[in-house]
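Trainee: So here's query-v8.txt (compact mmCIF, C-alpha atoms).
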# COMPACT_ATOMS: atom_id res chain seq x y z
CA MET Y 1 0.00 0.00 0.00
CA MET Y 2 1.05 3.62 -0.48
CA PRO Y 3 2.45 5.31 2.66
CA MET Y 4 -0.23 7.34 4.44
CA ARG Y 5 1.46 10.65 3.60
CA SER Y 6 1.48 9.72 -0.08
CA LEU Y 7 -2.19 8.83 0.11
CA GLN Y 8 -2.99 12.18 1.68
CA CYS Y 9 -1.06 14.06 -1.00
CA ALA Y 10 -2.75 12.00 -3.70
CA ALA Y 11 -6.09 12.92 -2.20
CA VAL Y 12 -5.27 16.60 -2.61
CA VAL Y 13 -3.76 16.42 -6.07
CA LEU Y 14 -6.36 14.07 -7.53
CA VAL Y 15 -9.23 16.24 -6.36
CA LEU Y 16 -11.21 14.01 -4.07
CA LEU Y 17 -14.44 15.34 -2.60
CA TRP Y 18 -16.60 14.99 0.47
CA PRO Y 19 -20.21 15.13 1.73
CA TRP Y 20 -21.45 16.06 5.18
CA GLU Y 21 -25.16 16.62 4.90
CA PRO Y 22 -27.01 16.47 1.60
CA ALA Y 23 -27.72 19.89 0.18
CA PRO Y 24 -31.30 20.99 0.69
CA ALA Y 25 -33.58 20.25 -2.22
CA LEU Y 26 -34.32 23.21 -4.44
CA ALA Y 27 -37.85 23.87 -5.60
CA ALA Y 28 -38.57 23.84 -9.31
CA SER Y 29 -38.23 27.60 -9.39
CA SER Y 30 -37.60 27.93 -13.12
CA SER Y 31 -40.66 26.00 -14.22
CA ALA Y 32 -44.00 27.74 -14.74
CA PRO Y 33 -46.81 26.54 -12.46
CA GLY Y 34 -48.41 23.45 -13.92
CA ALA Y 35 -45.81 23.18 -16.68
CA ARG Y 36 -44.18 19.82 -17.29
CA ARG Y 37 -40.45 19.92 -16.86
CA ARG Y 38 -38.30 18.70 -19.69
CA TYR Y 39 -36.48 16.31 -17.32
CA ASP Y 40 -37.69 14.60 -14.15
CA SER Y 41 -34.26 13.84 -12.71
CA ILE Y 42 -30.50 14.09 -13.19
CA PHE Y 43 -28.00 11.25 -12.93
CA SER Y 44 -24.31 12.08 -13.03
CA LEU Y 45 -21.16 10.04 -13.29
CA GLY Y 46 -17.84 11.80 -12.97
CA ASP Y 47 -15.24 13.21 -10.64
CA SER Y 48 -15.11 16.20 -8.28
CA PHE Y 49 -16.64 18.54 -10.84
CA THR Y 50 -19.99 16.73 -10.41
CA ASP Y 51 -19.53 15.06 -7.01
CA THR Y 52 -22.19 16.54 -4.75
CA GLY Y 53 -21.01 14.61 -1.69
CA ASN Y 54 -19.73 11.04 -2.15
CA ASN Y 55 -16.23 11.55 -0.82
CA PRO Y 56 -16.74 10.93 2.92
CA ALA Y 57 -17.20 7.23 2.25
CA VAL Y 58 -14.20 7.15 -0.07
CA PHE Y 59 -11.91 8.91 2.40
CA ALA Y 60 -13.19 6.76 5.27
CA TRP Y 61 -12.35 3.59 3.34
CA TYR Y 62 -8.70 4.65 3.51
CA SER Y 63 -8.81 6.46 6.89
CA ILE Y 64 -7.65 9.66 5.23
CA PRO Y 65 -8.52 13.06 6.70
CA ASP Y 66 -10.60 15.05 4.25
CA PRO Y 67 -9.91 18.80 4.22
CA VAL Y 68 -13.15 19.45 2.36
CA THR Y 69 -15.09 18.64 5.52
CA ARG Y 70 -13.94 21.93 7.01
CA PRO Y 71 -14.71 25.57 6.28
CA PRO Y 72 -14.31 27.58 4.12
CA TYR Y 73 -15.75 24.95 1.77
CA GLY Y 74 -19.38 25.65 0.98
CA THR Y 75 -19.57 28.91 2.86
CA THR Y 76 -20.34 31.23 -0.07
CA PHE Y 77 -23.76 29.72 -0.74
CA PHE Y 78 -24.60 26.96 1.73
CA GLY Y 79 -22.95 28.52 4.77
CA ARG Y 80 -21.16 25.27 5.60
CA PRO Y 81 -19.29 22.42 3.92
CA THR Y 82 -21.65 20.25 1.88
CA GLY Y 83 -19.35 17.83 0.11
CA ARG Y 84 -18.68 19.98 -2.92
CA ASN Y 85 -15.09 20.88 -3.65
CA CYS Y 86 -16.01 24.52 -4.03
CA ASP Y 87 -16.90 27.57 -2.00
CA GLY Y 88 -20.50 27.12 -3.13
CA ARG Y 89 -22.35 25.58 -6.04
CA LEU Y 90 -21.03 23.35 -8.80
CA ILE Y 91 -21.91 23.54 -12.48
CA ILE Y 92 -24.44 20.74 -12.04
CA ASP Y 93 -26.15 22.73 -9.25
CA PHE Y 94 -26.70 25.71 -11.52
CA ILE Y 95 -28.03 23.41 -14.24
CA ALA Y 96 -30.42 21.73 -11.80
CA GLU Y 97 -31.67 25.16 -10.73
CA ALA Y 98 -32.23 26.26 -14.32
CA LEU Y 99 -34.15 23.05 -15.09
CA GLY Y 100 -36.34 23.44 -12.01
CA LEU Y 101 -34.94 20.29 -10.38
CA PRO Y 102 -33.62 19.60 -6.87
CA TYR Y 103 -29.89 19.54 -6.34
CA VAL Y 104 -28.59 16.11 -7.31
CA PRO Y 105 -28.11 14.03 -4.12
CA PRO Y 106 -24.93 12.00 -3.59
CA TYR Y 107 -25.30 8.27 -4.13
CA LEU Y 108 -23.19 7.20 -1.13
CA GLY Y 109 -24.32 10.04 1.09
CA PRO Y 110 -23.82 10.51 4.81
CA PRO Y 111 -22.89 9.22 7.32
CA PHE Y 112 -19.17 8.63 6.97
CA GLY Y 113 -18.09 5.12 6.05
CA SER Y 114 -20.07 2.81 3.79
CA PRO Y 115 -23.75 3.58 4.26
CA PRO Y 116 -26.39 1.63 2.39
CA PRO Y 117 -27.45 3.16 -0.92
CA PRO Y 118 -30.59 5.29 -0.89
CA PRO Y 119 -33.97 3.58 -1.32
CA ALA Y 120 -35.31 3.12 -4.83
CA THR Y 121 -37.83 5.92 -4.34
CA SER Y 122 -34.98 8.36 -3.69
CA PHE Y 123 -32.86 7.01 -6.52
CA ARG Y 124 -35.73 7.62 -8.91
CA ARG Y 125 -35.30 11.34 -8.22
CA GLY Y 126 -31.73 11.20 -9.52
CA ALA Y 127 -28.30 10.73 -8.00
CA SER Y 128 -24.70 11.78 -8.36
CA LEU Y 129 -22.51 8.72 -8.57
CA ALA Y 130 -19.47 10.93 -9.18
CA VAL Y 131 -16.54 10.74 -6.79
CA GLY Y 132 -13.74 13.26 -6.46
CA GLY Y 133 -10.50 11.83 -7.78
CA ALA Y 134 -12.30 9.31 -10.00
CA THR Y 135 -10.66 8.33 -13.25
CA ALA Y 136 -12.10 7.09 -16.51
CA LEU Y 137 -9.61 4.23 -16.59
CA ASP Y 138 -9.42 1.43 -14.04
CA ALA Y 139 -6.51 0.73 -11.73
CA GLY Y 140 -5.27 -2.07 -13.97
CA PHE Y 141 -4.44 0.37 -16.77
CA PHE Y 142 -2.13 2.37 -14.54
CA ARG Y 143 -0.68 -0.61 -12.68
CA SER Y 144 0.26 -2.39 -15.91
CA ARG Y 145 2.33 0.64 -16.85
CA GLY Y 146 4.04 0.96 -13.48
CA LEU Y 147 2.12 4.11 -12.58
CA LEU Y 148 0.33 2.64 -9.57
CA PRO Y 149 2.03 0.63 -6.82
CA ALA Y 150 0.41 -2.73 -6.22
CA PRO Y 151 -1.76 -3.60 -4.42
CA SER Y 152 -3.09 -0.08 -3.81
CA LYS Y 153 -6.19 0.98 -5.72
CA PHE Y 154 -6.41 4.49 -4.28
CA PRO Y 155 -7.79 6.72 -5.67
CA LEU Y 156 -9.16 4.51 -8.44
CA ASN Y 157 -11.77 2.71 -6.38
CA ALA Y 158 -14.55 4.73 -8.01
CA SER Y 159 -13.58 4.82 -11.66
CA LEU Y 160 -16.16 5.14 -14.43
CA SER Y 161 -16.72 1.38 -14.61
CA VAL Y 162 -17.29 1.22 -10.84
CA GLN Y 163 -19.82 4.05 -11.00
CA LEU Y 164 -21.64 2.23 -13.79
CA GLU Y 165 -21.75 -0.89 -11.62
CA TRP Y 166 -23.29 1.16 -8.80
CA PHE Y 167 -25.88 2.48 -11.21
CA GLU Y 168 -26.73 -0.89 -12.72
CA SER Y 169 -26.97 -2.49 -9.28
CA ARG Y 170 -29.98 -0.25 -8.55
CA LEU Y 171 -31.97 -1.37 -11.58
CA LYS Y 172 -34.27 -4.36 -11.72
CA PRO Y 173 -35.96 -5.34 -9.51
CA SER Y 174 -35.31 -2.66 -6.88
CA LEU Y 175 -35.82 0.39 -9.10
CA CYS Y 176 -38.06 -0.79 -11.90
CA ARG Y 177 -39.84 -4.08 -12.40
CA THR Y 178 -39.36 -4.33 -16.14
CA THR Y 179 -36.95 -3.16 -18.81
CA GLN Y 180 -39.70 -0.96 -20.25
CA GLU Y 181 -40.24 0.72 -16.88
CA CYS Y 182 -36.50 1.50 -16.62
CA GLU Y 183 -36.46 2.84 -20.16
CA GLU Y 184 -39.40 5.13 -19.42
CA LEU Y 185 -37.78 6.41 -16.23
CA PHE Y 186 -34.39 7.09 -17.77
CA GLY Y 187 -35.94 8.47 -20.93
CA ARG Y 188 -37.16 11.37 -18.78
CA SER Y 189 -33.78 11.83 -17.09
CA LEU Y 190 -30.71 13.89 -17.97
CA PHE Y 191 -27.42 12.02 -17.71
CA PHE Y 192 -24.00 13.60 -17.19
CA VAL Y 193 -21.10 11.39 -18.25
CA GLY Y 194 -18.15 13.25 -16.87
CA GLU Y 195 -16.14 15.23 -16.87
CA PHE Y 196 -13.74 12.27 -17.13
CA GLY Y 197 -10.05 12.46 -17.97
CA VAL Y 198 -8.58 15.20 -15.80
CA ASN Y 199 -7.57 12.83 -13.01
CA ASP Y 200 -6.20 10.29 -15.49
CA TYR Y 201 -3.94 13.00 -16.89
CA LEU Y 202 -2.93 14.29 -13.46
CA PHE Y 203 -2.01 10.72 -12.60
CA SER Y 204 0.05 10.37 -15.79
CA PHE Y 205 1.88 13.72 -15.97
CA GLY Y 206 5.47 13.37 -14.88
CA LYS Y 207 5.32 9.58 -15.25
CA MET Y 208 4.70 9.32 -18.98
CA SER Y 209 5.81 11.56 -21.81
CA LEU Y 210 3.18 13.92 -23.17
CA GLN Y 211 3.46 12.14 -26.52
CA ASP Y 212 2.72 8.77 -24.89
CA ILE Y 213 -0.21 10.33 -23.06
CA ARG Y 214 -1.58 11.59 -26.37
CA SER Y 215 -1.11 8.29 -28.18
CA VAL Y 216 -2.03 5.84 -25.38
CA VAL Y 217 -4.00 7.46 -22.57
CA VAL Y 218 -6.24 9.77 -24.61
CA PRO Y 219 -7.70 7.10 -26.92
CA SER Y 220 -8.16 4.73 -23.97
CA ILE Y 221 -10.15 7.35 -22.05
CA VAL Y 222 -12.29 8.27 -25.05
CA GLU Y 223 -13.08 4.62 -25.76
CA THR Y 224 -14.01 4.03 -22.10
CA ILE Y 225 -16.39 7.00 -22.21
CA ARG Y 226 -17.91 5.72 -25.46
CA GLN Y 227 -18.57 2.31 -23.93
CA ALA Y 228 -20.17 3.90 -20.87
CA ILE Y 229 -22.52 5.94 -23.05
CA GLU Y 230 -23.53 2.80 -24.95
CA ARG Y 231 -24.37 1.06 -21.67
CA LEU Y 232 -26.51 3.97 -20.47
CA ILE Y 233 -28.34 4.14 -23.80
CA LYS Y 234 -29.04 0.40 -23.50
CA HIS Y 235 -30.77 1.12 -20.17
CA GLY Y 236 -32.95 3.79 -21.74
CA ALA Y 237 -30.99 7.05 -21.51
CA LYS Y 238 -32.21 9.50 -24.16
CA ALA Y 239 -30.35 12.68 -23.16
CA LEU Y 240 -26.67 12.67 -22.20
CA VAL Y 241 -24.28 15.55 -21.55
CA VAL Y 242 -20.63 14.66 -22.10
CA PRO Y 243 -18.17 17.37 -21.01
CA GLY Y 244 -14.68 17.66 -22.40
CA VAL Y 245 -11.67 18.39 -20.20
CA ILE Y 246 -10.44 21.73 -18.89
CA PRO Y 247 -7.28 23.48 -20.13
CA LEU Y 248 -4.87 21.42 -18.06
CA GLY Y 249 -1.96 23.77 -18.69
CA CYS Y 250 -3.80 26.56 -16.85
CA SER Y 251 -4.58 24.47 -13.78
CA PRO Y 252 -2.61 25.66 -10.70
CA PRO Y 253 -1.67 22.13 -9.53
CA VAL Y 254 -0.28 21.29 -12.98
CA LEU Y 255 1.60 24.59 -13.14
CA PHE Y 256 2.97 23.99 -9.64
CA LEU Y 257 3.88 20.32 -9.93
CA PHE Y 258 5.07 20.05 -13.54
CA PRO Y 259 6.72 23.38 -14.43
CA GLU Y 260 8.39 23.87 -17.79
CA ALA Y 261 12.12 24.58 -17.70
CA ASP Y 262 11.92 26.58 -20.93
CA PRO Y 263 9.99 29.87 -20.69
CA ALA Y 264 8.88 29.26 -24.28
CA GLY Y 265 6.71 26.48 -22.93
CA TYR Y 266 4.32 29.05 -21.46
CA ASP Y 267 1.77 31.19 -23.23
CA ALA Y 268 3.11 34.73 -22.96
CA ARG Y 269 -0.38 36.18 -22.58
CA THR Y 270 -1.93 33.82 -20.04
CA GLY Y 271 0.96 32.03 -18.33
CA CYS Y 272 -0.58 28.64 -19.16
CA MET Y 273 1.61 25.75 -20.27
CA LEU Y 274 1.20 25.18 -23.98
CA LYS Y 275 1.95 21.46 -24.30
CA HIS Y 276 -0.34 20.47 -21.44
CA ASN Y 277 -3.15 22.49 -22.96
CA GLU Y 278 -2.58 20.69 -26.24
CA VAL Y 279 -3.23 17.39 -24.47
CA GLY Y 280 -6.62 18.77 -23.44
CA ARG Y 281 -7.39 19.97 -26.95
CA HIS Y 282 -6.41 16.59 -28.38
CA HIS Y 283 -8.67 14.81 -25.88
CA ASN Y 284 -11.61 17.07 -26.67
CA ALA Y 285 -11.22 16.67 -30.43
CA ALA Y 286 -11.06 12.87 -30.11
CA LEU Y 287 -14.06 12.85 -27.79
CA GLN Y 288 -16.14 14.95 -30.18
CA GLU Y 289 -15.35 12.59 -33.04
CA SER Y 290 -16.44 9.65 -30.92
CA LEU Y 291 -19.70 11.41 -29.99
CA LYS Y 292 -20.33 12.16 -33.66
CA ASP Y 293 -20.17 8.44 -34.40
CA LEU Y 294 -22.49 7.67 -31.50
CA ARG Y 295 -25.07 10.19 -32.71
CA ALA Y 296 -25.09 8.52 -36.12
CA LYS Y 297 -25.55 5.12 -34.48
CA HIS Y 298 -28.30 6.34 -32.11
CA PRO Y 299 -30.28 9.02 -33.98
CA GLY Y 300 -33.06 9.02 -31.38
CA VAL Y 301 -30.70 9.93 -28.54
CA SER Y 302 -29.53 13.46 -27.71
CA ILE Y 303 -25.78 13.32 -27.02
CA ILE Y 304 -24.56 16.79 -26.09
CA TYR Y 305 -20.91 17.74 -26.01
CA ALA Y 306 -20.28 20.31 -23.26
CA ASP Y 307 -17.26 22.52 -23.91
CA PHE Y 308 -15.31 22.78 -20.64
CA PHE Y 309 -12.12 24.08 -22.25
CA GLY Y 310 -13.49 27.19 -23.97
CA PRO Y 311 -15.29 28.87 -21.06
CA VAL Y 312 -12.27 28.41 -18.78
CA MET Y 313 -9.97 29.90 -21.40
CA ASP Y 314 -12.37 32.82 -21.78
CA MET Y 315 -12.02 33.56 -18.07
CA VAL Y 316 -8.25 33.13 -18.11
CA GLN Y 317 -7.77 35.31 -21.19
CA SER Y 318 -10.25 38.06 -20.26
CA PRO Y 319 -10.64 38.03 -16.47
CA ARG Y 320 -11.63 41.68 -16.00
CA LYS Y 321 -14.22 41.51 -18.75
CA LEU Y 322 -15.92 38.65 -16.91
CA GLY Y 323 -15.53 40.10 -13.42
CA PHE Y 324 -12.42 38.28 -12.19
CA ARG Y 325 -9.13 39.59 -10.84
CA GLU Y 326 -6.00 39.80 -12.96
CA ASP Y 327 -4.02 37.27 -10.90
CA VAL Y 328 -6.19 34.68 -12.52
CA LEU Y 329 -4.07 31.53 -12.11
CA SER Y 330 -3.75 31.81 -8.33
CA VAL Y 331 -6.13 29.85 -6.15
CA CYS Y 332 -8.39 31.58 -3.67
CA CYS Y 333 -7.90 29.07 -0.86
CA GLY Y 334 -4.57 27.36 -0.31
CA GLY Y 335 -1.12 27.35 1.20
CA HIS Y 336 1.70 29.78 0.73
CA GLY Y 337 3.55 29.21 -2.52
CA ARG Y 338 3.45 29.97 -6.18
CA TYR Y 339 -0.15 30.35 -7.38
CA ASN Y 340 -1.07 30.29 -3.65
CA TYR Y 341 -0.96 26.51 -4.04
CA ASN Y 342 0.88 24.16 -1.70
CA ILE Y 343 0.29 20.42 -1.81
CA SER Y 344 1.17 20.16 1.89
CA VAL Y 345 -1.25 22.92 2.96
CA PRO Y 346 -4.60 22.27 1.29
CA CYS Y 347 -7.61 24.51 1.57
CA GLY Y 348 -9.30 23.75 4.87
CA ASP Y 349 -5.96 23.31 6.64
CA ALA Y 350 -5.34 25.52 9.66
CA ASN Y 351 -2.39 27.12 7.88
CA ALA Y 352 -4.22 27.81 4.62
CA THR Y 353 -5.37 31.27 3.64
CA THR Y 354 -8.56 32.30 1.85
CA CYS Y 355 -8.94 35.29 -0.43
CA SER Y 356 -11.31 38.04 0.67
CA ARG Y 357 -13.49 37.80 -2.46
CA PRO Y 358 -13.90 34.25 -3.81
CA SER Y 359 -16.24 35.61 -6.50
CA ALA Y 360 -13.26 37.45 -8.03
CA SER Y 361 -11.24 34.23 -8.40
CA ILE Y 362 -11.56 31.52 -11.00
CA TYR Y 363 -9.75 28.76 -9.11
CA TRP Y 364 -10.92 27.84 -5.65
CA ASP Y 365 -8.49 25.33 -4.13
CA GLY Y 366 -6.42 23.99 -7.01
CA VAL Y 367 -7.96 22.36 -10.06
CA HIS Y 368 -11.48 23.19 -8.85
CA PHE Y 369 -13.36 26.35 -9.67
CA THR Y 370 -15.13 28.90 -7.54
CA GLU Y 371 -18.90 29.19 -7.56
CA ALA Y 372 -18.54 32.34 -9.69
CA ALA Y 373 -16.54 30.44 -12.31
CA ASN Y 374 -18.97 27.51 -12.20
CA ARG Y 375 -21.82 29.92 -12.83
CA HIS Y 376 -20.10 31.24 -15.96
CA ILE Y 377 -19.36 27.74 -17.27
CA SER Y 378 -22.91 26.54 -16.63
CA SER Y 379 -24.35 29.48 -18.55
CA THR Y 380 -22.47 28.36 -21.66
CA TRP Y 381 -23.78 24.79 -21.34
CA LEU Y 382 -27.41 25.56 -20.64
CA SER Y 383 -28.25 26.74 -24.14
CA SER Y 384 -27.60 23.20 -25.39
CA ILE Y 385 -29.30 21.44 -22.48
CA SER Y 386 -32.47 23.35 -21.61
Write out the structure in this file as C-alpha cells.
Mentor:
Amino acid sequence: MMPMRSLQCAAVVLVLLWPWEPAPALAASSSAPGARRRYDSIFSLGDSFTDTGNNPAVFAWYSIPDPVTRPPYGTTFFGRPTGRNCDGRLIIDFIAEALGLPYVPPYLGPPFGSPPPPPATSFRRGASLAVGGATALDAGFFRSRGLLPAPSKFPLNASLSVQLEWFESRLKPSLCRTTQECEELFGRSLFFVGEFGVNDYLFSFGKMSLQDIRSVVVPSIVETIRQAIERLIKHGAKALVVPGVIPLGCSPPVLFLFPEADPAGYDARTGCMLKHNEVGRHHNAALQESLKDLRAKHPGVSIIYADFFGPVMDMVQSPRKLGFREDVLSVCCGGHGRYNYNISVPCGDANATTCSRPSASIYWDGVHFTEAANRHISSTWLSSIS
C-alpha cells in the first residue's frame, strides 16, 4: 500500500471530494406553475466537478482526513461544507436550478463510512454517482504501466466502470420491475457522463511523456467513455451531456507540480503551459469525433458535447471583462507558494489562507473552480441542455 502521507497528497492532487449533509432540495423555481419539466431527474457520473457529496465514504475507506469537511468549503452559498469541492455551487447545481430540479443528491451520502445506498424511491429522483479523484480508466491500466504501486487501488476505487456498476446495481428489480419501466424512467432523465479524464492525466503527468499520453491514454479514455454511453443508452438514456476536459496547462496544480524549464513552454499572454493544454485539446477533439459516431448510431438519442475548455480559457484570457481579478491563475484558498498553491497545505488546513473575495477568483483550491466560475461555465452549457 502507499504510505499514508502519499495517500494524503494524492487525495489533494487528484481532487477528491466529500459530503457532510445532503444539500437541501431546491424547488422547481424555473418551471411555470403546472408546466411539465423537460427532465424529471438528473443522474451524473464523474469526478469532483460533479460530485455533490460522495467523498466521505471514499476517504473513510482509507482512513484519510478530508480537508473538504472543514470551512471555508461551501460557505459562499450553503454557509457550511456540503461535500462539494467549491466555496458554493457546482456547475451541475446551476443546471439543476435552471431546469427546475432539486440539487442532485450523492449516491453514497452521509454518514461517513459505507452507508447503504438510498432507497429506490430516492434514486428515482436522480443521483450523483461521481466521486472526487475518480478516473475514466481502471486501476489495472495504470498498474500495468508501473504508474500505480500494487496492491493499492487508491484513488481509483470509483472509476467510471465502478460508478456504472453502482448504477446498474440499482436497476431491476429494486428500481423498476421491467426493462420498459426503466427505459421510461431514464428516458425522462438527464445524464452527465463526466467530466472524465482530468484525473487520469494528473495521474500520468510526470510519469509518462506527453506524446505517450496523447497516443495511449487519450484514446483509452475516449473509448471508455464511449462504452459507458452505450451502456446507459441500452438502459434507456435519451439525453446525455458529455463534457470535455479543462485546459490542463492553466490548472494551478499542474503549473505547480510540472513546471516547464523553458519559458517558451508558457503562453506569454496567459501564463498557461502550452503542451499540457494541447493534451486537453487533443482529448476534446477525439471525444467529439467519438460522440459524432455515437449520434449517427443512435439518432433518437440526444448526445450533447459540453465545452469545458473554452469557457475556462475565456475567463483566463479576459478576467476583467468577466468580473475576475488579474491574478487569474492563483487559487483563492490554499497554502503559501506559487499560485497560492501548496500540496502540503490544502484549503481547509489551519495554515491555509482564503482570499477576501472568492467571487473574483476563478480557481478555488487547485484544479477546482469557484462558484462564480462555475456559474459562468454553466451558462455556456445551458443553451444546449435546456
Trainee: When you count all atoms listed in the file, which of these residues is closest to His235 (chain Y): Y:Cys250, Y:Ala130, Y:Ile221, Y:Leu164?
Mentor: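 Closest candidate: Y:Leu164.
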Trainee: Per residue of region 339-371 of chain Y within 10 Å of region 41-56 of chain Y, note the shortest atom pair and the distance in Å to one decimal, counting only C-alpha atoms, and order the rows by chain and increasing residue number, as CSV.
Mentor:
residue,atom,partner,partner_atom,distance
Y:Val367,CA,Y:Phe49,CA,9.5
Y:His368,CA,Y:Phe49,CA,7.2
Y:Phe369,CA,Y:Phe49,CA,8.6
Trainee: Compare Y:Ala373, Y:Met313, Y:Val279, Y:Ile229 by their minimum atom-to-atom distance to Ile213 (chain Y), counting all atoms listed in the file, and give me the closest one.
Mentor: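 Closest to Ile213 (chain Y) of all the choices is Y:Val279.
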Trainee: Hey, can you check how far CA of Glu168 (chain Y) sits from CA of Gly109 (chain Y)?
Mentor: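 Going from CA of Glu168 (chain Y) over to CA of Gly109 (chain Y) covers 17.8 Å.
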Trainee: If we count only C-alpha atoms and set the cut-off at 8 Å, which residues sit around Tyr39 (chain Y), ignoring sequence neighbours fewer than 4 positions away in its own chain? Please answer as a VMD selection string.
Mentor: chain Y and resid 99 188 to 190
